[in-house]
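**Q** This is model16.txt (compact mmCIF, C-alpha atoms).
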# COMPACT_ATOMS: atom_id res chain seq x y z
CA MET X 588 -140.91 -114.07 143.26
CA ARG X 589 -144.59 -114.91 142.85
CA TRP X 590 -145.41 -117.41 140.07
CA VAL X 591 -148.84 -118.37 138.76
CA VAL X 592 -149.50 -121.47 136.65
CA PHE X 593 -152.44 -120.56 134.42
CA ASN X 594 -154.55 -122.35 131.85
CA GLN X 595 -158.33 -122.25 131.54
CA LYS X 596 -158.41 -125.88 130.39
CA GLY X 597 -158.64 -128.66 132.95
CA GLY X 598 -156.36 -131.67 132.93
CA VAL X 599 -153.24 -129.89 131.66
CA GLY X 600 -151.22 -130.56 134.81
CA LYS X 601 -151.35 -127.21 136.61
CA SER X 602 -151.34 -128.66 140.13
CA THR X 603 -148.67 -131.22 139.24
CA ILE X 604 -146.42 -128.54 137.78
CA VAL X 605 -146.95 -126.17 140.70
CA CYS X 606 -146.18 -128.78 143.35
CA ASN X 607 -143.16 -130.29 141.62
CA LEU X 608 -141.55 -126.94 140.84
CA ALA X 609 -142.21 -125.89 144.43
CA ALA X 610 -140.71 -129.13 145.75
CA ILE X 611 -137.55 -128.62 143.74
CA SER X 612 -137.39 -125.00 144.90
CA ALA X 613 -137.51 -126.22 148.50
CA GLN X 614 -134.86 -128.87 147.85
CA GLU X 615 -132.68 -126.16 146.34
CA GLY X 616 -132.71 -124.41 149.71
CA ARG X 617 -135.40 -121.81 149.01
CA LYS X 618 -138.24 -121.30 151.44
CA THR X 619 -141.27 -121.96 149.25
CA LEU X 620 -145.02 -121.50 149.53
CA VAL X 621 -147.79 -123.07 147.44
CA VAL X 622 -151.10 -121.18 147.34
CA ASP X 623 -153.96 -123.43 146.23
CA LEU X 624 -156.78 -121.40 144.67
CA ASP X 625 -158.63 -124.36 143.18
CA PRO X 626 -161.73 -125.47 145.19
CA GLN X 627 -160.94 -129.03 144.07
CA CYS X 628 -157.91 -128.82 146.42
CA ASN X 629 -155.64 -130.96 144.21
CA ALA X 630 -152.41 -129.18 145.14
CA SER X 631 -153.36 -129.28 148.83
CA HIS X 632 -153.91 -133.05 148.68
CA TYR X 633 -150.72 -133.58 146.66
CA LEU X 634 -148.67 -131.92 149.40
CA LEU X 635 -150.65 -132.87 152.53
CA GLY X 636 -152.48 -136.08 151.66
CA THR X 637 -155.65 -136.73 153.64
CA ASP X 638 -154.53 -134.11 156.19
CA ALA X 639 -155.82 -131.54 153.68
CA ASP X 640 -159.43 -132.66 154.19
CA GLY X 641 -161.22 -129.97 156.15
CA LEU X 642 -157.93 -128.39 157.19
CA GLU X 643 -158.30 -124.99 158.82
CA PRO X 644 -157.41 -122.20 158.62
CA ASN X 645 -157.43 -122.21 154.84
CA LEU X 646 -157.68 -119.85 151.90
CA ALA X 647 -161.45 -119.57 152.23
CA GLY X 648 -160.93 -118.11 155.69
CA LEU X 649 -158.48 -115.56 154.34
CA PHE X 650 -161.03 -114.41 151.77
CA GLU X 651 -163.83 -114.40 154.35
CA GLN X 652 -161.81 -111.87 156.32
CA THR X 653 -161.87 -109.52 153.34
CA LEU X 654 -165.68 -109.66 153.44
CA GLY X 655 -165.69 -108.58 157.07
CA PHE X 656 -166.59 -111.97 158.57
CA GLY X 657 -165.35 -112.47 162.13
CA LEU X 658 -164.29 -110.08 164.86
CA PHE X 659 -160.55 -110.53 164.48
CA LYS X 660 -158.21 -110.34 161.50
CA ASP X 661 -155.41 -112.88 161.29
CA PRO X 662 -152.27 -112.04 159.27
CA PRO X 663 -151.74 -114.01 156.04
CA LYS X 664 -149.05 -116.19 157.64
CA GLY X 665 -151.75 -117.52 159.96
CA PHE X 666 -153.30 -119.38 157.01
CA VAL X 667 -150.06 -121.16 156.05
CA HIS X 668 -149.35 -124.79 157.00
CA HIS X 669 -146.10 -126.74 157.06
CA THR X 670 -145.81 -129.83 154.91
CA THR X 671 -143.68 -132.80 155.92
CA PHE X 672 -141.04 -131.57 153.46
CA ASP X 673 -138.33 -129.13 154.55
CA ARG X 674 -138.86 -125.49 153.55
CA LEU X 675 -142.13 -126.31 151.71
CA HIS X 676 -145.35 -124.74 152.99
CA VAL X 677 -148.90 -124.52 151.67
CA MET X 678 -151.87 -122.21 151.98
CA PRO X 679 -154.54 -124.88 151.45
CA SER X 680 -157.72 -124.53 149.47
CA SER X 681 -161.26 -125.41 150.48
CA PRO X 682 -164.47 -126.37 148.65
CA ASP X 683 -165.99 -123.36 150.48
CA LEU X 684 -164.29 -121.11 147.92
CA ASP X 685 -167.08 -121.91 145.46
CA ALA X 686 -169.71 -120.35 147.73
CA LEU X 687 -167.58 -117.25 148.31
CA GLU X 688 -166.85 -116.41 144.69
CA ALA X 689 -170.02 -114.43 143.89
CA LYS X 690 -169.74 -112.40 147.12
CA LEU X 691 -166.10 -111.58 146.46
CA GLU X 692 -166.85 -110.54 142.89
CA ALA X 693 -169.75 -108.34 144.00
CA LYS X 694 -167.50 -106.49 146.44
CA TYR X 695 -164.61 -106.27 143.96
CA LYS X 696 -162.04 -107.96 146.18
CA ILE X 697 -159.70 -108.98 143.33
CA TYR X 698 -156.69 -107.18 144.81
CA LYS X 699 -156.90 -108.72 148.28
CA LEU X 700 -154.85 -111.81 147.46
CA ARG X 701 -152.07 -109.65 146.02
CA ASP X 702 -152.04 -107.54 149.17
CA ALA X 703 -151.90 -110.64 151.39
CA LEU X 704 -149.07 -112.26 149.45
CA LYS X 705 -147.03 -109.06 149.45
CA GLU X 706 -146.99 -109.40 153.23
CA LEU X 707 -145.39 -112.83 152.77
CA ASP X 708 -142.71 -111.78 150.27
CA GLU X 709 -140.09 -111.37 152.98
CA GLU X 710 -141.00 -114.78 154.46
CA TYR X 711 -140.62 -116.76 151.21
CA ASP X 712 -138.08 -116.91 148.41
CA GLU X 713 -140.62 -118.34 145.95
CA ILE X 714 -144.43 -118.43 145.95
CA PHE X 715 -146.31 -120.65 143.46
CA LEU X 716 -150.03 -120.17 142.82
CA ASP X 717 -152.27 -122.95 141.51
CA THR X 718 -155.45 -121.87 139.71
CA PRO X 719 -158.87 -123.41 138.92
CA PRO X 720 -159.66 -124.77 135.42
CA ALA X 721 -161.75 -121.72 134.54
CA PHE X 722 -161.25 -117.99 134.26
CA GLY X 723 -163.12 -116.49 137.20
CA PHE X 724 -162.51 -114.46 140.33
CA PHE X 725 -159.82 -116.71 141.80
CA THR X 726 -157.82 -117.05 138.58
CA LEU X 727 -157.95 -113.30 138.02
CA SER X 728 -156.88 -112.72 141.63
CA ALA X 729 -153.91 -115.03 141.08
CA LEU X 730 -152.86 -113.26 137.89
CA ILE X 731 -153.08 -109.92 139.69
CA ALA X 732 -151.04 -111.26 142.61
CA ALA X 733 -148.30 -112.84 140.48
CA GLU X 734 -145.17 -111.44 138.90
CA ARG X 735 -144.56 -114.23 136.39
CA CYS X 736 -147.01 -116.52 134.59
CA LEU X 737 -146.27 -120.06 133.42
CA VAL X 738 -148.64 -121.62 130.88
CA PRO X 739 -148.90 -125.44 130.60
CA PHE X 740 -149.35 -126.79 127.08
CA ASP X 741 -150.37 -130.39 126.44
CA CYS X 742 -149.40 -130.86 122.82
CA ASP X 743 -152.61 -131.05 120.81
CA ASP X 744 -154.26 -128.81 118.23
CA PHE X 745 -157.09 -127.70 120.55
CA SER X 746 -154.52 -126.58 123.12
CA ARG X 747 -152.62 -124.69 120.47
CA ARG X 748 -155.72 -122.80 119.37
CA ALA X 749 -156.55 -121.97 122.99
CA LEU X 750 -153.00 -120.83 123.72
CA TYR X 751 -153.35 -117.59 121.77
CA GLY X 752 -156.42 -116.66 123.79
CA LEU X 753 -154.51 -117.36 127.02
CA LEU X 754 -151.69 -115.09 125.93
CA GLU X 755 -154.21 -112.35 125.12
CA THR X 756 -155.77 -112.75 128.57
CA ILE X 757 -152.35 -112.31 130.19
CA ASP X 758 -151.81 -109.13 128.15
CA GLU X 759 -155.23 -107.81 129.18
CA VAL X 760 -154.60 -108.48 132.87
CA ARG X 761 -151.25 -106.74 132.57
CA ALA X 762 -152.84 -103.71 130.92
CA ASP X 763 -155.86 -103.47 133.22
CA HIS X 764 -154.70 -104.70 136.63
CA ASN X 765 -151.05 -105.73 136.99
CA ASP X 766 -148.42 -103.96 134.93
CA GLY X 767 -145.71 -106.08 136.60
CA LEU X 768 -147.04 -109.38 135.22
CA ARG X 769 -144.77 -111.06 132.69
CA LEU X 770 -144.99 -114.34 130.78
CA GLY X 771 -142.42 -116.67 132.32
CA GLY X 772 -142.78 -119.23 129.57
CA ILE X 773 -144.83 -122.05 128.07
CA ILE X 774 -144.35 -125.46 129.71
CA VAL X 775 -144.77 -128.39 127.35
CA ASN X 776 -146.36 -131.18 129.38
CA GLN X 777 -146.97 -134.89 128.69
CA PHE X 778 -144.69 -134.71 125.67
CA GLN X 779 -144.32 -137.89 123.61
CA ALA X 780 -141.05 -137.55 121.75
CA ARG X 781 -141.76 -140.42 119.33
CA ALA X 782 -145.18 -139.16 118.24
CA ASN X 783 -145.43 -136.91 115.20
CA LEU X 784 -148.23 -134.61 116.39
CA PRO X 785 -146.55 -133.32 119.57
CA GLN X 786 -143.28 -132.75 117.72
CA ARG X 787 -145.00 -130.83 114.94
CA VAL X 788 -147.24 -128.70 117.18
CA VAL X 789 -144.45 -127.76 119.59
CA GLY X 790 -142.08 -127.12 116.69
CA GLU X 791 -144.55 -124.65 115.21
CA LEU X 792 -144.76 -122.77 118.52
CA VAL X 793 -140.98 -122.50 118.56
CA GLU X 794 -140.98 -121.28 114.95
CA GLU X 795 -143.44 -118.56 115.98
CA ASP X 796 -140.82 -117.42 118.50
CA LEU X 797 -143.07 -118.09 121.49
CA PRO X 798 -141.23 -118.58 124.81
CA VAL X 799 -141.38 -122.39 124.92
CA LEU X 800 -139.33 -123.64 127.86
CA GLU X 801 -137.03 -126.65 127.75
CA PRO X 802 -136.88 -129.43 128.62
CA TYR X 803 -140.31 -130.70 127.67
CA LEU X 804 -141.96 -132.81 130.37
CA SER X 805 -142.45 -136.42 129.37
CA SER X 806 -145.61 -138.42 129.88
CA SER X 807 -145.16 -140.94 132.71
CA VAL X 808 -147.28 -143.12 134.99
CA LYS X 809 -144.89 -142.10 137.78
CA VAL X 810 -146.85 -138.85 138.09
CA ARG X 811 -150.01 -140.75 139.06
CA GLU X 812 -148.03 -142.80 141.53
CA SER X 813 -146.69 -139.63 143.14
CA HIS X 814 -150.24 -138.23 143.35
CA GLU X 815 -151.43 -141.38 145.09
CA ALA X 816 -148.53 -141.23 147.55
CA SER X 817 -148.99 -137.46 148.15
CA ARG X 818 -145.28 -137.06 147.50
CA PRO X 819 -144.08 -134.87 144.63
CA LEU X 820 -141.59 -136.50 142.29
CA PRO X 821 -138.39 -135.14 143.91
CA TYR X 822 -139.36 -137.00 147.08
CA CYS X 823 -140.91 -140.21 145.73
CA ALA X 824 -138.71 -140.74 142.64
CA PRO X 825 -135.61 -138.53 142.92
CA ARG X 826 -133.68 -140.29 140.14
CA HIS X 827 -136.54 -140.69 137.67
CA LYS X 828 -136.16 -139.19 134.19
CA LEU X 829 -139.20 -136.95 134.69
CA THR X 830 -137.85 -135.68 138.01
CA GLU X 831 -134.62 -134.68 136.28
CA GLN X 832 -136.65 -132.90 133.61
CA TYR X 833 -138.47 -130.98 136.33
CA ARG X 834 -135.15 -130.00 137.90
CA ASP X 835 -133.83 -128.72 134.58
CA LEU X 836 -137.12 -126.94 133.91
CA TYR X 837 -137.01 -125.29 137.34
CA HIS X 838 -133.59 -123.84 136.56
CA ALA X 839 -134.78 -122.69 133.13
CA VAL X 840 -137.70 -120.92 134.81
CA ILE X 841 -135.63 -119.33 137.58
CA ASP X 842 -132.75 -118.32 135.33
CA GLY X 843 -135.13 -116.72 132.83
CA ARG X 844 -137.11 -114.66 135.31
Starting from the file, lay out its structure as structure tokens.
**A**
Amino acid sequence: MRWVVFNQKGGVGKSTIVCNLAAISAQEGRKTLVVDLDPQCNASHYLLGTDADGLEPNLAGLFEQTLGFGLFKDPPKGFVHHTTFDRLHVMPSSPDLDALEAKLEAKYKIYKLRDALKELDEEYDEIFLDTPPAFGFFTLSALIAAERCLVPFDCDDFSRRALYGLLETIDEVRADHNDGLRLGGIIVNQFQARANLPQRVVGELVEEDLPVLEPYLSSSVKVRESHEASRPLPYCAPRHKLTEQYRDLYHAVIDGR
């Protein structure tokens, strides 16, 4: 199954969610791939640390092939790298993606990522796609390549207003490009159970019968510590409350697919 974590707003935890769900998937015995489509390379650094800096081949090289650069064409698996964690692999990003975006848009290459990942379906049990904090070529490519979409929600009124637009975008992509795309659920992130605003806003989403997944992910400094260590929570804090929430969330996501 190919999963995309999508939100046009930055700072909502897309990379953190992608990498921690993927880590749990790998610990559960599933061969798992993370595809990092964000030129900021956050997911790549989270999984590889400083080894991600300038790492080649990377996703930019895969897209360059679609533009006809180079004499030879490598298969998609040639752009995948092992992490230090069992069964967890990554197709790393590169800042070079920024320079490629206009060329890829001009040549209408939005289906090339889907085609590449279909070639990897038999290699991997789960594929998780991380997206940039803007709706452009790479985010659209990810939505076209995915089968299920997970939407992070960070518990404020601005996020709630934006959520309806995100859901409309998913519907439009389904209608125009990918009739197999389905909403896998809304992930409540950085939830503060004792604060009134998060409780009220999330409660209203539930009352509207939107697919809000449980459990809600708590706010914790342990996330920043895991970023700094380049070790997702299941590896750096396996017994932490937030890690257990991620495990339960992973099963809610997988069971609801």
**Q** In Å, with one decimal, what is the gap from atom CA of X:Ala782 to atom CA of X:Leu804?
**A**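 Taking atom CA of X:Ala782 as the start and atom CA of X:Leu804 as the end point, the length is 14.1 Å.
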**Q** At a cut-off of 12 Å, using all atoms listed in the file, what residues contact X:Gly636? Leave out same-chain residues fewer than 6 positions from it and give the result as JSON, numbers by chain.
**A** {"X": [628, 629, 630, 642, 670, 671, 679, 813, 814, 815, 816, 817, 818, 819]}
**Q** I need the chosen residues saved as a JSON list (two decimals), keeping the file's coordinate frame, with C-alpha atoms.
**A**
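The result, written out as again-v2.json:
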[["chain", "number", "residue", "atom", "x", "y", "z"],
["X", 628, "CYS", "CA", -157.91, -128.82, 146.42],
["X", 629, "ASN", "CA", -155.64, -130.96, 144.21],
["X", 630, "ALA", "CA", -152.41, -129.18, 145.14],
["X", 642, "LEU", "CA", -157.93, -128.39, 157.19],
["X", 670, "THR", "CA", -145.81, -129.83, 154.91],
["X", 671, "THR", "CA", -143.68, -132.80, 155.92],
["X", 679, "PRO", "CA", -154.54, -124.88, 151.45],
["X", 813, "SER", "CA", -146.69, -139.63, 143.14],
["X", 814, "HIS", "CA", -150.24, -138.23, 143.35],
["X", 815, "GLU", "CA", -151.43, -141.38, 145.09],
["X", 816, "ALA", "CA", -148.53, -141.23, 147.55],
["X", 817, "SER", "CA", -148.99, -137.46, 148.15],
["X", 818, "ARG", "CA", -145.28, -137.06, 147.50],
["X", 819, "PRO", "CA", -144.08, -134.87, 144.63]]
**Q** From the list X:Ala762, X:Leu836, X:Val788, X:Cys742, which residue is nearest X:Leu730 when using all atoms listed in the file?
**A**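 When distances to X:Leu730 are compared using all atoms listed in the file, the smallest one comes from X:Ala762.
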**Q** Residues near X:Gly843, anyone? I mean within 9 Å using only C-alpha atoms, not counting same-chain ones fewer than 2 positions away, as a PyMOL selection string.
**A** chain X and resi 771-772+838-841
**Q** Tell me which protein, DNA and RNA residues are within 10 Å of X:Pro785, counting all atoms listed in the file, leaving out same-chain ones fewer than 5 positions away, and put them as a list in words.
**A** Asp741, Cys742, Asp743, Asp744, Val775, Gln777, Phe778, Gln779, Ala780, Gly790 and Glu791 of chain X
**Q** Just C-alpha atoms for this one: save the residues we selected as a PDB file, keeping the file's coordinate frame.
**A**
ATOM      1  CA  ASP X 741    -150.370-130.390 126.440  1.00  0.00           C
ATOM      2  CA  CYS X 742    -149.400-130.860 122.820  1.00  0.00           C
ATOM      3  CA  ASP X 743    -152.610-131.050 120.810  1.00  0.00           C
ATOM      4  CA  ASP X 744    -154.260-128.810 118.230  1.00  0.00           C
ATOM      5  CA  VAL X 775    -144.770-128.390 127.350  1.00  0.00           C
ATOM      6  CA  GLN X 777    -146.970-134.890 128.690  1.00  0.00           C
ATOM      7  CA  PHE X 778    -144.690-134.710 125.670  1.00  0.00           C
ATOM      8  CA  GLN X 779    -144.320-137.890 123.610  1.00  0.00           C
ATOM      9  CA  ALA X 780    -141.050-137.550 121.750  1.00  0.00           C
ATOM     10  CA  GLY X 790    -142.080-127.120 116.690  1.00  0.00           C
ATOM     11  CA  GLU X 791    -144.550-124.650 115.210  1.00  0.00           C
TER      12      GLU X 791
END
**Q** Using only the atoms of stretch 825-834 of chain X listed in the file, plus 8 Å on each side, state the axis-aligned box centre and edge lengths in Å rounded to one decimal, as lines of an AutoDock Vina configuration file.
**A**
center_x = -136.4
center_y = -135.3
center_z = 138.3
size_x = 21.5
size_y = 26.7
size_z = 25.3
**Q** Counting all atoms listed in the file, figure out which residue out of X:Leu754, X:Leu675, X:Val793, X:Val760 gets nearest to X:Glu713.
**A** X:Leu675
**Q** Nearest to X:Leu624: which of X:Glu651, X:Asp685, X:Asp640, X:Asp766 is it, counting all atoms listed in the file?
**A**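 Answer, going by the shortest atom-to-atom distance: X:Asp685.
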**Q** Please measure the separation of atom CA of X:Arg811 and atom CA of X:Thr603, giving the value in Å to one decimal.
**A**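 Separation between atom CA of X:Arg811 and atom CA of X:Thr603: 9.6 Å.
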**Q** So that I can check the surroundings of X:His668, please list as a PyMOL selection string every protein, DNA and RNA residue that reaches within 10 Å of it, counting only C-alpha atoms and ignoring chain neighbours fewer than 5 positions away.
**A** chain X and resi 620-621+635+639+642-645+675-679
**Q** For a quick check of understanding, using only C-alpha atoms, which of X:Glu795, X:Asp623, X:Glu692, X:Glu706 has the smallest distance to X:Arg747?
**A**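 Of the candidates, the smallest distance to X:Arg747 is held by X:Glu795.
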**Q** From the set X:Leu727, X:Ala693, X:Met588, X:Val808, which residue has the shortest atom-to-atom contact distance to X:Ser612, counting only C-alpha atoms?
**A**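 With only C-alpha atoms as the atom set, the closest residue is X:Met588.
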**Q** Which one is closest to X:Phe725: X:Lys696, X:Lys705, X:Arg748, X:Arg781? Count all atoms listed in the file.
**A**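 Of X:Lys696, X:Lys705, X:Arg748, X:Arg781, the one nearest X:Phe725 is X:Lys696, counting all atoms listed in the file.
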**Q** Go ahead and compute the interatomic distance for atom CA of X:Val592 and atom CA of X:Leu634, in Å to one decimal.
**A**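 According to the coordinates, atom CA of X:Val592 and atom CA of X:Leu634 are separated by 16.5 Å.
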**Q** Name the residues in contact with X:Phe593 at a cut-off of 10 Å, using only C-alpha atoms, excluding same-chain residues fewer than 5 positions from it; report them as a compact mmCIF listing (two decimals) with C-alpha atoms, in the frame of the given file.
**A**
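Result file follows (around-v4.txt):
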# COMPACT_ATOMS: atom_id res chain seq x y z
CA VAL X 599 -153.24 -129.89 131.66
CA LYS X 601 -151.35 -127.21 136.61
CA SER X 602 -151.34 -128.66 140.13
CA LEU X 716 -150.03 -120.17 142.82
CA ASP X 717 -152.27 -122.95 141.51
CA THR X 718 -155.45 -121.87 139.71
CA PRO X 719 -158.87 -123.41 138.92
CA PRO X 720 -159.66 -124.77 135.42
CA ALA X 721 -161.75 -121.72 134.54
CA PHE X 722 -161.25 -117.99 134.26
CA THR X 726 -157.82 -117.05 138.58
CA LEU X 727 -157.95 -113.30 138.02
CA ALA X 729 -153.91 -115.03 141.08
CA LEU X 730 -152.86 -113.26 137.89
CA CYS X 736 -147.01 -116.52 134.59
CA LEU X 737 -146.27 -120.06 133.42
CA VAL X 738 -148.64 -121.62 130.88
CA PRO X 739 -148.90 -125.44 130.60
CA LEU X 753 -154.51 -117.36 127.02
CA ILE X 757 -152.35 -112.31 130.19
